[in-house]
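Since the structure comes first, as structure tokens, the remarks are kept for the end.
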Protein chains: 2
Amino acid sequence: MAQQGRRRHVSITDVAAQAGVSITTVSHMLSGQRPVAAATAARVQQVIADLGYEPNRLARGLRLQRTDTVALVIPDITNPFYPLIARGLQNVLGPAGLQVLVTSTDADPAAEEAAVQQMITRRVDGLAFADYQADHRRVAAAAEVGIPVVLLGGRTTRPGIDVVSSDDVAGGTIAAEYLIGRGYQRIAFITGAERVGSPANRVLGYRHALREAGRPYAPSLVVREEISRDGGARAMQRLLTLRQTPDAVLCTNDVVALGALDTAKARGLRVPEDVAVMGFDDIDIAALTTPTLTTVSNRPREQGEAIGRLLLGRLNGSAPRGPQRILFDPAVVQRDSA
Amino acid sequence: MAQQGRRRHVSITDVAAQAGVSITTVSHMLSGQRPVAAATAARVQQVIADLGYEPNRLARGLRLQRTDTVALVIPDITNPFYPLIARGLQNVLGPAGLQVLVTSTDADPAAEEAAVQQMITRRVDGLAFADYQADHRRVAAAAEVGIPVVLLGGRTTRPGIDVVSSDDVAGGTIAAEYLIGRGYQRIAFITGAERVGSPANRVLGYRHALREAGRPYAPSLVVREEISRDGGARAMQRLLTLRQTPDAVLCTNDVVALGALDTAKARGLRVPEDVAVMGFDDIDIAALTTPTLTTVSNRPREQGEAIGRLLLGRLNGSAPRGPQRILFDPAVVQRDSA
DNA sequence: CTGTTAGCGCCTTCAC
DNA sequence: GTGAAGGCGCTAACAG
């Protein structure tokens, strides 16, 4: 039966003693590193089962200088985009015997720094890191001690730092092209305050598409707000105060688009008749809103898997020496909101 | 600058040598466990900074028999309910210096067993475990080696196993009472096929409320379907074929309620005028549907925080000896659909 | 105020 | 086919 108090874990020494062999033999029987007599093996097996022995990975890690653990540091686990990344990562790392350690930082620089340091002290074998700026300086400490790093959403690689990202410029372009093709005339963009990172690149793509279509670019139609549902709602309110309100609004991600929808609904606006709304990421909720949300798919699960493969390559030494960069082609997912 | 190849981590020995002191002094200077001369301290600090020393938590964990790590094993990280649990858990554990290790199992019994065993070998200080059946046998192995366990959604405690759960029976009761109070006469319930677990308990509460109100219980109004949006849609279709159709429908969770809304909309029924719809959980999208969804809040974030406090209590020994059970009172979140 | 030393549990080289 | 012993990096008696 279950125990109340704390019980000492049984160690390899206990098993060896009970089985009347040396710990060497137990160790080799577990790892299969060298042959063990059938009779001995059976006896050891039995004792392991009797005692409920579970090897201590701390000790093994200390000895092997390897923890079979990979860290995933993300801004917000409650943004559905990141659980999908986590899922993809676990999909490829799990079968390889690696554990994923997930931490949310709330996009707070101090928390991000603390998280990276924490992971270094835990001697993770690899680090996947995401924040809205995709700032490589945040992970420099890890790269410097030789931990392979993959930066999600980054644009530029560094020695020791690989990058996985959606092609955000292309995403902004195809989204704007889609709206232009649907006949929308005044297309606004709700983005973040930072001038770098995915949000900024999506705006770049949007401007590119306007230019290609011979449309004027109106700075007043690009509004910068906190990247959150509330931020999206506020930005939408601001857009609705313009003399000429937009007939379509691109939002830097789906969560922000939810906020824009909140405001539209609160104002009694019909979507997409009065104003079209479009997001980025294609999180699950995008298919559940009313109206369902037209968006740009960034295939987060596949990005997570790509991160995993990159990390695995670094860990088993099969990766090329220089830093790698994997870009995901975005695609418009047409639904009802635009 | 960042390094390409693997570099050896610097250890406390390196710091001691470089600073010309013993490792004991470095250790105590780090932990503050005993006074160190100001001059010595300064020198050691400097060396630590120069060398970029990060203590190795594996070694420390091995020595201290404590990892400052807590495992969270959940069925599906992409189900929005669980990231909120994770968030709450991290909220209380983080400030206490504990890391949370999250793993998804897809509700696969084999994966669940593997995850628990994995966490034991990693010598986590505590384990939070959730699956849809809330089966305590899944965590027995951890409890037996003395790891404090909290089971999410469980009904019965065991020695070494605490429980945190929403009070599902009460939830079913207040939901039904709310609808009765609003004047609805024929209240249906869409639930899952299983006769145990949260869905079943919610039906129990619903029946209780009917009885208390002196209303008859009509078995034909309880329909069992797959717990999903499609399942909800199918169940609603079935309800609409009854001779006497319901004027209100309780759905075992919000996703199922979305399906019910789909069918109502497809049939041209007005909600709540023709038929009211109500869910459980209060996930984010409940506020996004048209009409917005009246539901029962289960406060997942707070449940996560409760798990964290329970675990902390076990770890610092301040908890009572016997197993504890924390029930969350559900609350009706009134919106437009009922 | 500081140092020496004995493990924590495991893997692995070397020896039999 | 099997063992003995060293050491991964750290903390905490025990000694000055």
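Every chain in the structure tokens takes a letter, A first, then B, and so on in the order presented; its residues are numbered from 1, and the ligands are numbered from 1 following the presented order.
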
Segment 186-322 of chain A: residues DSSP assigns to strand (DSSP E or B), reported as a ChimeraX atom specification: /A:187-191,222-224,248-251,276-281,294-297

Write a file of the just-selected residues containing C-alpha atoms, as a short mmCIF file (atom, residue, chain, number, x, y, z; two decimals), in the first residue's frame.
data_model
loop_
_atom_site.label_atom_id
_atom_site.label_comp_id
_atom_site.auth_asym_id
_atom_site.auth_seq_id
_atom_site.Cartn_x
_atom_site.Cartn_y
_atom_site.Cartn_z
CA ILE A 187 -7.00 47.66 -44.74
CA ALA A 188 -5.76 48.34 -41.22
CA PHE A 189 -3.13 46.43 -39.24
CA ILE A 190 -3.09 45.90 -35.47
CA THR A 191 0.43 45.04 -34.34
CA VAL A 222 -1.29 50.73 -38.45
CA VAL A 223 -1.98 50.73 -34.73
CA ARG A 224 0.45 49.48 -32.12
CA ALA A 248 -10.79 45.26 -43.07
CA VAL A 249 -8.43 44.71 -40.13
CA LEU A 250 -5.40 42.46 -40.07
CA CYS A 251 -4.36 41.43 -36.57
CA ALA A 276 -13.57 42.19 -41.99
CA VAL A 277 -11.19 40.73 -39.42
CA MET A 278 -8.25 38.46 -40.11
CA GLY A 279 -5.59 36.99 -37.83
CA PHE A 280 -2.38 34.99 -37.89
CA ASP A 281 -1.51 31.55 -36.46
CA THR A 294 -10.09 33.81 -41.46
CA THR A 295 -6.42 33.61 -40.65
CA VAL A 296 -2.93 32.68 -41.82
CA SER A 297 -1.74 29.25 -40.83
#

Non-local contacts of DG16 of chain D (10 Å; only C-alpha atoms (C1' of nucleotides); under 2 positions in same chain excluded) as a list in words: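 Near DG16 of chain D, the qualifying residues are DT2, DG3 and DT4 of chain C; DC14 of chain D.
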
May I have the residues from that selection written out with N, CA, C and O atoms (P, O5', C5', C4', C3', O3' and C1' of nucleotides), as a compact mmCIF listing (two decimals), in the first residue's frame?
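Heads up, here's the output in part24.txt:
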# COMPACT_ATOMS: atom_id res chain seq x y z
P DT C 2 37.43 33.72 5.30
O5' DT C 2 37.91 32.20 5.34
C5' DT C 2 39.28 31.93 5.61
C4' DT C 2 39.47 30.46 5.77
C3' DT C 2 39.07 29.62 4.54
O3' DT C 2 40.27 29.08 4.00
C1' DT C 2 38.42 28.58 6.59
P DG C 3 40.28 28.31 2.61
O5' DG C 3 40.54 26.81 3.08
C5' DG C 3 41.59 26.55 3.99
C4' DG C 3 41.51 25.14 4.49
C3' DG C 3 41.32 24.08 3.39
O3' DG C 3 42.21 23.01 3.67
C1' DG C 3 39.67 23.81 5.08
P DT C 4 42.46 21.87 2.57
O5' DT C 4 42.21 20.52 3.36
C5' DT C 4 41.99 20.55 4.76
C4' DT C 4 41.52 19.16 5.22
C3' DT C 4 41.53 18.08 4.14
O3' DT C 4 41.74 16.83 4.79
C1' DT C 4 39.31 18.45 4.81
P DC D 14 29.28 15.69 13.40
O5' DC D 14 30.84 16.01 13.15
C5' DC D 14 31.59 15.13 12.31
C4' DC D 14 32.96 15.70 12.10
C3' DC D 14 33.67 16.16 13.39
O3' DC D 14 34.96 15.57 13.41
C1' DC D 14 33.85 17.80 11.71

For Ser337 of chain A, list every protein, DNA or RNA residue within 12 Å, evaluated using only C-alpha atoms (C1' of nucleotides), and leave out those in the same chain fewer than 4 positions away; present the list as a PDB file with all heavy atoms, in the first residue's frame.
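Result saved to part-v3.pdb:
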ATOM      1  N   LEU A 179      -6.926  40.003 -48.838  1.00  0.00           N
ATOM      2  CA  LEU A 179      -7.947  41.019 -48.555  1.00  0.00           C
ATOM      3  C   LEU A 179      -8.146  41.936 -49.761  1.00  0.00           C
ATOM      4  O   LEU A 179      -9.277  42.294 -50.113  1.00  0.00           O
ATOM      5  CB  LEU A 179      -7.556  41.833 -47.318  1.00  0.00           C
ATOM      6  CG  LEU A 179      -7.593  41.064 -45.992  1.00  0.00           C
ATOM      7  CD1 LEU A 179      -7.015  41.895 -44.855  1.00  0.00           C
ATOM      8  CD2 LEU A 179      -9.029  40.616 -45.659  1.00  0.00           C
ATOM      9  N   ARG A 182     -10.236  40.282 -52.225  1.00  0.00           N
ATOM     10  CA  ARG A 182     -11.641  40.204 -51.853  1.00  0.00           C
ATOM     11  C   ARG A 182     -12.317  41.571 -52.003  1.00  0.00           C
ATOM     12  O   ARG A 182     -13.497  41.721 -51.669  1.00  0.00           O
ATOM     13  CB  ARG A 182     -11.793  39.750 -50.396  1.00  0.00           C
ATOM     14  CG  ARG A 182     -11.126  38.415 -50.084  1.00  0.00           C
ATOM     15  CD  ARG A 182     -11.972  37.243 -50.449  1.00  0.00           C
ATOM     16  NE  ARG A 182     -13.137  37.123 -49.584  1.00  0.00           N
ATOM     17  CZ  ARG A 182     -14.031  36.156 -49.679  1.00  0.00           C
ATOM     18  NH1 ARG A 182     -13.907  35.237 -50.632  1.00  0.00           N
ATOM     19  NH2 ARG A 182     -15.052  36.105 -48.873  1.00  0.00           N
ATOM     20  N   ASP A 247     -12.252  49.020 -43.669  1.00  0.00           N
ATOM     21  CA  ASP A 247     -13.264  47.995 -43.957  1.00  0.00           C
ATOM     22  C   ASP A 247     -12.695  46.595 -43.741  1.00  0.00           C
ATOM     23  O   ASP A 247     -13.403  45.605 -43.855  1.00  0.00           O
ATOM     24  CB  ASP A 247     -13.830  48.155 -45.368  1.00  0.00           C
ATOM     25  CG  ASP A 247     -12.764  48.109 -46.458  1.00  0.00           C
ATOM     26  OD1 ASP A 247     -11.567  48.029 -46.110  1.00  0.00           O
ATOM     27  OD2 ASP A 247     -13.128  48.168 -47.642  1.00  0.00           O
ATOM     28  N   ALA A 248     -11.407  46.558 -43.407  1.00  0.00           N
ATOM     29  CA  ALA A 248     -10.790  45.265 -43.072  1.00  0.00           C
ATOM     30  C   ALA A 248      -9.655  45.520 -42.087  1.00  0.00           C
ATOM     31  O   ALA A 248      -8.976  46.529 -42.158  1.00  0.00           O
ATOM     32  CB  ALA A 248     -10.258  44.576 -44.323  1.00  0.00           C
ATOM     33  N   VAL A 249      -9.479  44.564 -41.147  1.00  0.00           N
ATOM     34  CA  VAL A 249      -8.434  44.712 -40.135  1.00  0.00           C
ATOM     35  C   VAL A 249      -7.614  43.434 -40.028  1.00  0.00           C
ATOM     36  O   VAL A 249      -8.149  42.362 -39.757  1.00  0.00           O
ATOM     37  CB  VAL A 249      -9.041  45.034 -38.753  1.00  0.00           C
ATOM     38  CG1 VAL A 249      -7.943  45.165 -37.709  1.00  0.00           C
ATOM     39  CG2 VAL A 249      -9.881  46.293 -38.816  1.00  0.00           C
ATOM     40  N   LEU A 250      -6.314  43.577 -40.282  1.00  0.00           N
ATOM     41  CA  LEU A 250      -5.396  42.465 -40.072  1.00  0.00           C
ATOM     42  C   LEU A 250      -4.878  42.562 -38.644  1.00  0.00           C
ATOM     43  O   LEU A 250      -4.502  43.637 -38.187  1.00  0.00           O
ATOM     44  CB  LEU A 250      -4.211  42.596 -41.042  1.00  0.00           C
ATOM     45  CG  LEU A 250      -4.278  41.810 -42.334  1.00  0.00           C
ATOM     46  CD1 LEU A 250      -3.144  42.236 -43.274  1.00  0.00           C
ATOM     47  CD2 LEU A 250      -4.156  40.326 -42.023  1.00  0.00           C
ATOM     48  N   ASP A 254      -4.055  35.594 -33.740  1.00  0.00           N
ATOM     49  CA  ASP A 254      -5.473  35.287 -33.568  1.00  0.00           C
ATOM     50  C   ASP A 254      -6.027  35.788 -32.242  1.00  0.00           C
ATOM     51  O   ASP A 254      -7.197  36.161 -32.144  1.00  0.00           O
ATOM     52  CB  ASP A 254      -5.706  33.778 -33.674  1.00  0.00           C
ATOM     53  CG  ASP A 254      -5.506  33.265 -35.086  1.00  0.00           C
ATOM     54  OD1 ASP A 254      -5.576  34.083 -36.023  1.00  0.00           O
ATOM     55  OD2 ASP A 254      -5.288  32.048 -35.256  1.00  0.00           O
ATOM     56  N   ALA A 257      -6.895  39.161 -32.714  1.00  0.00           N
ATOM     57  CA  ALA A 257      -8.101  39.213 -33.548  1.00  0.00           C
ATOM     58  C   ALA A 257      -9.360  38.969 -32.712  1.00  0.00           C
ATOM     59  O   ALA A 257     -10.406  39.564 -32.959  1.00  0.00           O
ATOM     60  CB  ALA A 257      -8.009  38.182 -34.675  1.00  0.00           C
ATOM     61  N   LEU A 258      -9.237  38.122 -31.695  1.00  0.00           N
ATOM     62  CA  LEU A 258     -10.378  37.898 -30.807  1.00  0.00           C
ATOM     63  C   LEU A 258     -10.788  39.216 -30.150  1.00  0.00           C
ATOM     64  O   LEU A 258     -11.980  39.528 -30.040  1.00  0.00           O
ATOM     65  CB  LEU A 258     -10.019  36.899 -29.702  1.00  0.00           C
ATOM     66  CG  LEU A 258      -9.735  35.455 -30.118  1.00  0.00           C
ATOM     67  CD1 LEU A 258      -9.479  34.595 -28.880  1.00  0.00           C
ATOM     68  CD2 LEU A 258     -10.874  34.912 -30.929  1.00  0.00           C
ATOM     69  N   ALA A 260     -10.304  42.191 -31.346  1.00  0.00           N
ATOM     70  CA  ALA A 260     -10.918  43.037 -32.373  1.00  0.00           C
ATOM     71  C   ALA A 260     -12.375  42.627 -32.575  1.00  0.00           C
ATOM     72  O   ALA A 260     -13.268  43.480 -32.705  1.00  0.00           O
ATOM     73  CB  ALA A 260     -10.137  42.919 -33.676  1.00  0.00           C
ATOM     74  N   LEU A 261     -12.625  41.322 -32.556  1.00  0.00           N
ATOM     75  CA  LEU A 261     -13.998  40.836 -32.693  1.00  0.00           C
ATOM     76  C   LEU A 261     -14.848  41.287 -31.506  1.00  0.00           C
ATOM     77  O   LEU A 261     -16.015  41.637 -31.659  1.00  0.00           O
ATOM     78  CB  LEU A 261     -14.023  39.304 -32.796  1.00  0.00           C
ATOM     79  CG  LEU A 261     -13.519  38.684 -34.103  1.00  0.00           C
ATOM     80  CD1 LEU A 261     -13.568  37.159 -34.019  1.00  0.00           C
ATOM     81  CD2 LEU A 261     -14.360  39.163 -35.287  1.00  0.00           C
ATOM     82  N   ALA A 264     -15.855  44.790 -32.194  1.00  0.00           N
ATOM     83  CA  ALA A 264     -16.821  44.864 -33.289  1.00  0.00           C
ATOM     84  C   ALA A 264     -18.203  44.458 -32.795  1.00  0.00           C
ATOM     85  O   ALA A 264     -19.210  45.124 -33.073  1.00  0.00           O
ATOM     86  CB  ALA A 264     -16.380  43.954 -34.435  1.00  0.00           C
ATOM     87  N   LEU A 269     -21.215  45.953 -34.864  1.00  0.00           N
ATOM     88  CA  LEU A 269     -20.766  45.853 -36.258  1.00  0.00           C
ATOM     89  C   LEU A 269     -20.873  44.410 -36.741  1.00  0.00           C
ATOM     90  O   LEU A 269     -20.561  43.472 -35.996  1.00  0.00           O
ATOM     91  CB  LEU A 269     -19.317  46.333 -36.380  1.00  0.00           C
ATOM     92  CG  LEU A 269     -19.079  47.821 -36.086  1.00  0.00           C
ATOM     93  CD1 LEU A 269     -17.589  48.119 -36.115  1.00  0.00           C
ATOM     94  CD2 LEU A 269     -19.809  48.678 -37.112  1.00  0.00           C
ATOM     95  N   ARG A 270     -21.294  44.235 -37.975  1.00  0.00           N
ATOM     96  CA  ARG A 270     -21.336  42.899 -38.545  1.00  0.00           C
ATOM     97  C   ARG A 270     -19.974  42.581 -39.159  1.00  0.00           C
ATOM     98  O   ARG A 270     -19.363  43.425 -39.813  1.00  0.00           O
ATOM     99  CB  ARG A 270     -22.410  42.814 -39.631  1.00  0.00           C
ATOM    100  CG  ARG A 270     -23.843  42.900 -39.109  1.00  0.00           C
ATOM    101  CD  ARG A 270     -24.787  43.133 -40.272  1.00  0.00           C
ATOM    102  NE  ARG A 270     -24.351  44.313 -41.043  1.00  0.00           N
ATOM    103  CZ  ARG A 270     -24.741  44.573 -42.294  1.00  0.00           C
ATOM    104  NH1 ARG A 270     -25.556  43.749 -42.926  1.00  0.00           N
ATOM    105  NH2 ARG A 270     -24.303  45.656 -42.915  1.00  0.00           N
ATOM    106  N   VAL A 271     -19.515  41.355 -38.907  1.00  0.00           N
ATOM    107  CA  VAL A 271     -18.262  40.890 -39.482  1.00  0.00           C
ATOM    108  C   VAL A 271     -18.601  39.757 -40.436  1.00  0.00           C
ATOM    109  O   VAL A 271     -19.289  38.809 -40.025  1.00  0.00           O
ATOM    110  CB  VAL A 271     -17.309  40.384 -38.379  1.00  0.00           C
ATOM    111  CG1 VAL A 271     -16.024  39.814 -38.982  1.00  0.00           C
ATOM    112  CG2 VAL A 271     -16.979  41.508 -37.388  1.00  0.00           C
ATOM    113  N   PRO A 272     -18.219  39.809 -41.694  1.00  0.00           N
ATOM    114  CA  PRO A 272     -17.310  40.776 -42.305  1.00  0.00           C
ATOM    115  C   PRO A 272     -17.995  41.907 -43.064  1.00  0.00           C
ATOM    116  O   PRO A 272     -17.303  42.701 -43.674  1.00  0.00           O
ATOM    117  CB  PRO A 272     -16.554  39.893 -43.302  1.00  0.00           C
ATOM    118  CG  PRO A 272     -17.598  38.940 -43.791  1.00  0.00           C
ATOM    119  CD  PRO A 272     -18.499  38.680 -42.606  1.00  0.00           C
ATOM    120  N   GLU A 273     -19.351  41.983 -43.000  1.00  0.00           N
ATOM    121  CA  GLU A 273     -20.030  42.972 -43.835  1.00  0.00           C
ATOM    122  C   GLU A 273     -19.582  44.401 -43.524  1.00  0.00           C
ATOM    123  O   GLU A 273     -19.248  45.173 -44.425  1.00  0.00           O
ATOM    124  CB  GLU A 273     -21.552  42.857 -43.682  1.00  0.00           C
ATOM    125  CG  GLU A 273     -22.132  41.552 -44.225  1.00  0.00           C
ATOM    126  CD  GLU A 273     -22.001  40.403 -43.229  1.00  0.00           C
ATOM    127  OE1 GLU A 273     -21.405  40.612 -42.143  1.00  0.00           O
ATOM    128  OE2 GLU A 273     -22.474  39.293 -43.542  1.00  0.00           O
ATOM    129  N   ASP A 274     -19.597  44.749 -42.235  1.00  0.00           N
ATOM    130  CA  ASP A 274     -19.200  46.109 -41.867  1.00  0.00           C
ATOM    131  C   ASP A 274     -17.683  46.238 -41.791  1.00  0.00           C
ATOM    132  O   ASP A 274     -17.103  47.237 -42.215  1.00  0.00           O
ATOM    133  CB  ASP A 274     -19.830  46.507 -40.529  1.00  0.00           C
ATOM    134  CG  ASP A 274     -21.349  46.511 -40.609  1.00  0.00           C
ATOM    135  OD1 ASP A 274     -21.881  46.840 -41.695  1.00  0.00           O
ATOM    136  OD2 ASP A 274     -22.007  46.159 -39.612  1.00  0.00           O
ATOM    137  N   VAL A 275     -17.069  45.258 -41.215  1.00  0.00           N
ATOM    138  CA  VAL A 275     -15.618  45.263 -41.149  1.00  0.00           C
ATOM    139  C   VAL A 275     -15.116  43.811 -41.110  1.00  0.00           C
ATOM    140  O   VAL A 275     -15.645  42.979 -40.376  1.00  0.00           O
ATOM    141  CB  VAL A 275     -15.114  46.058 -39.908  1.00  0.00           C
ATOM    142  CG1 VAL A 275     -15.654  45.452 -38.620  1.00  0.00           C
ATOM    143  CG2 VAL A 275     -13.593  46.120 -39.889  1.00  0.00           C
ATOM    144  N   ALA A 276     -14.149  43.534 -41.961  1.00  0.00           N
ATOM    145  CA  ALA A 276     -13.569  42.189 -41.995  1.00  0.00           C
ATOM    146  C   ALA A 276     -12.446  42.113 -40.968  1.00  0.00           C
ATOM    147  O   ALA A 276     -11.786  43.111 -40.684  1.00  0.00           O
ATOM    148  CB  ALA A 276     -13.032  41.879 -43.384  1.00  0.00           C
ATOM    149  N   VAL A 277     -12.263  40.922 -40.388  1.00  0.00           N
ATOM    150  CA  VAL A 277     -11.188  40.734 -39.418  1.00  0.00           C
ATOM    151  C   VAL A 277     -10.401  39.487 -39.802  1.00  0.00           C
ATOM    152  O   VAL A 277     -10.980  38.459 -40.158  1.00  0.00           O
ATOM    153  CB  VAL A 277     -11.744  40.583 -37.988  1.00  0.00           C
ATOM    154  CG1 VAL A 277     -10.635  40.208 -37.011  1.00  0.00           C
ATOM    155  CG2 VAL A 277     -12.442  41.858 -37.540  1.00  0.00           C
ATOM    156  N   MET A 278      -9.097  39.596 -39.736  1.00  0.00           N
ATOM    157  CA  MET A 278      -8.251  38.458 -40.113  1.00  0.00           C
ATOM    158  C   MET A 278      -7.082  38.389 -39.147  1.00  0.00           C
ATOM    159  O   MET A 278      -6.557  39.418 -38.715  1.00  0.00           O
ATOM    160  CB  MET A 278      -7.768  38.687 -41.545  1.00  0.00           C
ATOM    161  CG  MET A 278      -6.936  37.567 -42.116  1.00  0.00           C
ATOM    162  SD  MET A 278      -6.796  37.764 -43.936  1.00  0.00           S
ATOM    163  CE  MET A 278      -5.675  36.400 -44.299  1.00  0.00           C
ATOM    164  N   GLY A 279      -6.680  37.161 -38.792  1.00  0.00           N
ATOM    165  CA  GLY A 279      -5.594  36.992 -37.834  1.00  0.00           C
ATOM    166  C   GLY A 279      -4.402  36.240 -38.416  1.00  0.00           C
ATOM    167  O   GLY A 279      -4.308  36.027 -39.622  1.00  0.00           O
ATOM    168  N   ALA A 286      -9.815  29.731 -33.655  1.00  0.00           N
ATOM    169  CA  ALA A 286     -10.161  30.466 -34.874  1.00  0.00           C
ATOM    170  C   ALA A 286     -11.341  29.811 -35.600  1.00  0.00           C
ATOM    171  O   ALA A 286     -12.121  30.483 -36.258  1.00  0.00           O
ATOM    172  CB  ALA A 286      -8.950  30.563 -35.794  1.00  0.00           C
ATOM    173  N   ALA A 287     -11.469  28.501 -35.457  1.00  0.00           N
ATOM    174  CA  ALA A 287     -12.551  27.800 -36.137  1.00  0.00           C
ATOM    175  C   ALA A 287     -13.839  27.812 -35.322  1.00  0.00           C
ATOM    176  O   ALA A 287     -14.873  27.348 -35.775  1.00  0.00           O
ATOM    177  CB  ALA A 287     -12.130  26.359 -36.432  1.00  0.00           C
ATOM    178  N   LEU A 288     -13.760  28.338 -34.104  1.00  0.00           N
ATOM    179  CA  LEU A 288     -14.907  28.244 -33.196  1.00  0.00           C
ATOM    180  C   LEU A 288     -15.624  29.560 -32.974  1.00  0.00           C
ATOM    181  O   LEU A 288     -16.721  29.587 -32.426  1.00  0.00           O
ATOM    182  CB  LEU A 288     -14.438  27.718 -31.836  1.00  0.00           C
ATOM    183  CG  LEU A 288     -13.891  26.293 -31.832  1.00  0.00           C
ATOM    184  CD1 LEU A 288     -13.283  25.971 -30.485  1.00  0.00           C
ATOM    185  CD2 LEU A 288     -15.002  25.315 -32.157  1.00  0.00           C
ATOM    186  N   THR A 289     -15.016  30.649 -33.360  1.00  0.00           N
ATOM    187  CA  THR A 289     -15.652  31.931 -33.115  1.00  0.00           C
ATOM    188  C   THR A 289     -16.845  32.108 -34.044  1.00  0.00           C
ATOM    189  O   THR A 289     -17.030  31.359 -34.995  1.00  0.00           O
ATOM    190  CB  THR A 289     -14.674  33.088 -33.386  1.00  0.00           C
ATOM    191  OG1 THR A 289     -14.137  32.928 -34.705  1.00  0.00           O
ATOM    192  CG2 THR A 289     -13.525  33.076 -32.400  1.00  0.00           C
ATOM    193  N   THR A 290     -17.646  33.105 -33.718  1.00  0.00           N
ATOM    194  CA  THR A 290     -18.754  33.460 -34.595  1.00  0.00           C
ATOM    195  C   THR A 290     -18.568  34.902 -35.016  1.00  0.00           C
ATOM    196  O   THR A 290     -18.611  35.780 -34.160  1.00  0.00           O
ATOM    197  CB  THR A 290     -20.109  33.328 -33.871  1.00  0.00           C
ATOM    198  OG1 THR A 290     -20.212  32.011 -33.334  1.00  0.00           O
ATOM    199  CG2 THR A 290     -21.258  33.580 -34.833  1.00  0.00           C
ATOM    200  N   PRO A 291     -18.303  35.212 -36.253  1.00  0.00           N
ATOM    201  CA  PRO A 291     -18.072  34.240 -37.316  1.00  0.00           C
ATOM    202  C   PRO A 291     -16.717  33.574 -37.145  1.00  0.00           C
ATOM    203  O   PRO A 291     -15.881  34.090 -36.428  1.00  0.00           O
ATOM    204  CB  PRO A 291     -18.080  35.123 -38.570  1.00  0.00           C
ATOM    205  CG  PRO A 291     -17.540  36.431 -38.081  1.00  0.00           C
ATOM    206  CD  PRO A 291     -18.109  36.598 -36.698  1.00  0.00           C
ATOM    207  N   THR A 292     -16.543  32.442 -37.805  1.00  0.00           N
ATOM    208  CA  THR A 292     -15.241  31.775 -37.736  1.00  0.00           C
ATOM    209  C   THR A 292     -14.192  32.695 -38.350  1.00  0.00           C
ATOM    210  O   THR A 292     -14.484  33.496 -39.228  1.00  0.00           O
ATOM    211  CB  THR A 292     -15.268  30.441 -38.499  1.00  0.00           C
ATOM    212  OG1 THR A 292     -15.696  30.678 -39.832  1.00  0.00           O
ATOM    213  CG2 THR A 292     -16.209  29.457 -37.820  1.00  0.00           C
ATOM    214  N   LEU A 293     -12.980  32.565 -37.846  1.00  0.00           N
ATOM    215  CA  LEU A 293     -11.937  33.530 -38.167  1.00  0.00           C
ATOM    216  C   LEU A 293     -11.064  33.135 -39.359  1.00  0.00           C
ATOM    217  O   LEU A 293     -10.434  32.074 -39.355  1.00  0.00           O
ATOM    218  CB  LEU A 293     -11.050  33.717 -36.937  1.00  0.00           C
ATOM    219  CG  LEU A 293     -10.015  34.843 -36.962  1.00  0.00           C
ATOM    220  CD1 LEU A 293     -10.678  36.210 -37.040  1.00  0.00           C
ATOM    221  CD2 LEU A 293      -9.130  34.755 -35.718  1.00  0.00           C
ATOM    222  N   THR A 294     -11.041  33.987 -40.367  1.00  0.00           N
ATOM    223  CA  THR A 294     -10.091  33.806 -41.464  1.00  0.00           C
ATOM    224  C   THR A 294      -8.714  34.183 -40.941  1.00  0.00           C
ATOM    225  O   THR A 294      -8.558  35.177 -40.233  1.00  0.00           O
ATOM    226  CB  THR A 294     -10.479  34.707 -42.650  1.00  0.00           C
ATOM    227  OG1 THR A 294     -11.722  34.265 -43.189  1.00  0.00           O
ATOM    228  CG2 THR A 294      -9.415  34.647 -43.753  1.00  0.00           C
ATOM    229  N   THR A 295      -7.716  33.389 -41.261  1.00  0.00           N
ATOM    230  CA  THR A 295      -6.416  33.606 -40.646  1.00  0.00           C
ATOM    231  C   THR A 295      -5.295  33.074 -41.539  1.00  0.00           C
ATOM    232  O   THR A 295      -5.559  32.573 -42.637  1.00  0.00           O
ATOM    233  CB  THR A 295      -6.382  32.940 -39.250  1.00  0.00           C
ATOM    234  OG1 THR A 295      -5.168  33.263 -38.590  1.00  0.00           O
ATOM    235  CG2 THR A 295      -6.518  31.441 -39.367  1.00  0.00           C
ATOM    236  N   VAL A 333      -5.993  30.650 -44.437  1.00  0.00           N
ATOM    237  CA  VAL A 333      -7.070  29.725 -44.111  1.00  0.00           C
ATOM    238  C   VAL A 333      -8.359  30.516 -44.172  1.00  0.00           C
ATOM    239  O   VAL A 333      -8.648  31.328 -43.298  1.00  0.00           O
ATOM    240  CB  VAL A 333      -6.896  29.130 -42.702  1.00  0.00           C
ATOM    241  CG1 VAL A 333      -8.049  28.192 -42.383  1.00  0.00           C
ATOM    242  CG2 VAL A 333      -5.565  28.412 -42.589  1.00  0.00           C
TER     243      VAL A 333
END

After fitting chain A to chain B over every Cα pair taken in order, the RMSD: 1.5 Å

Contacts of segment 151-160 of chain A within 8 Å, only C-alpha atoms (C1' of nucleotides), excl. fewer than 5 positions in-chain, as number ranges by chain: A: 128-136, 143-144, 146, 165-166, 197-198, 322-325; B: 2-4

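Counting only C-alpha atoms (C1' of nucleotides), every residue of chain D that comes within 8 Å of chain A is listed here: DG1, DT2, DG3, DC8 and DG9 of chain D.
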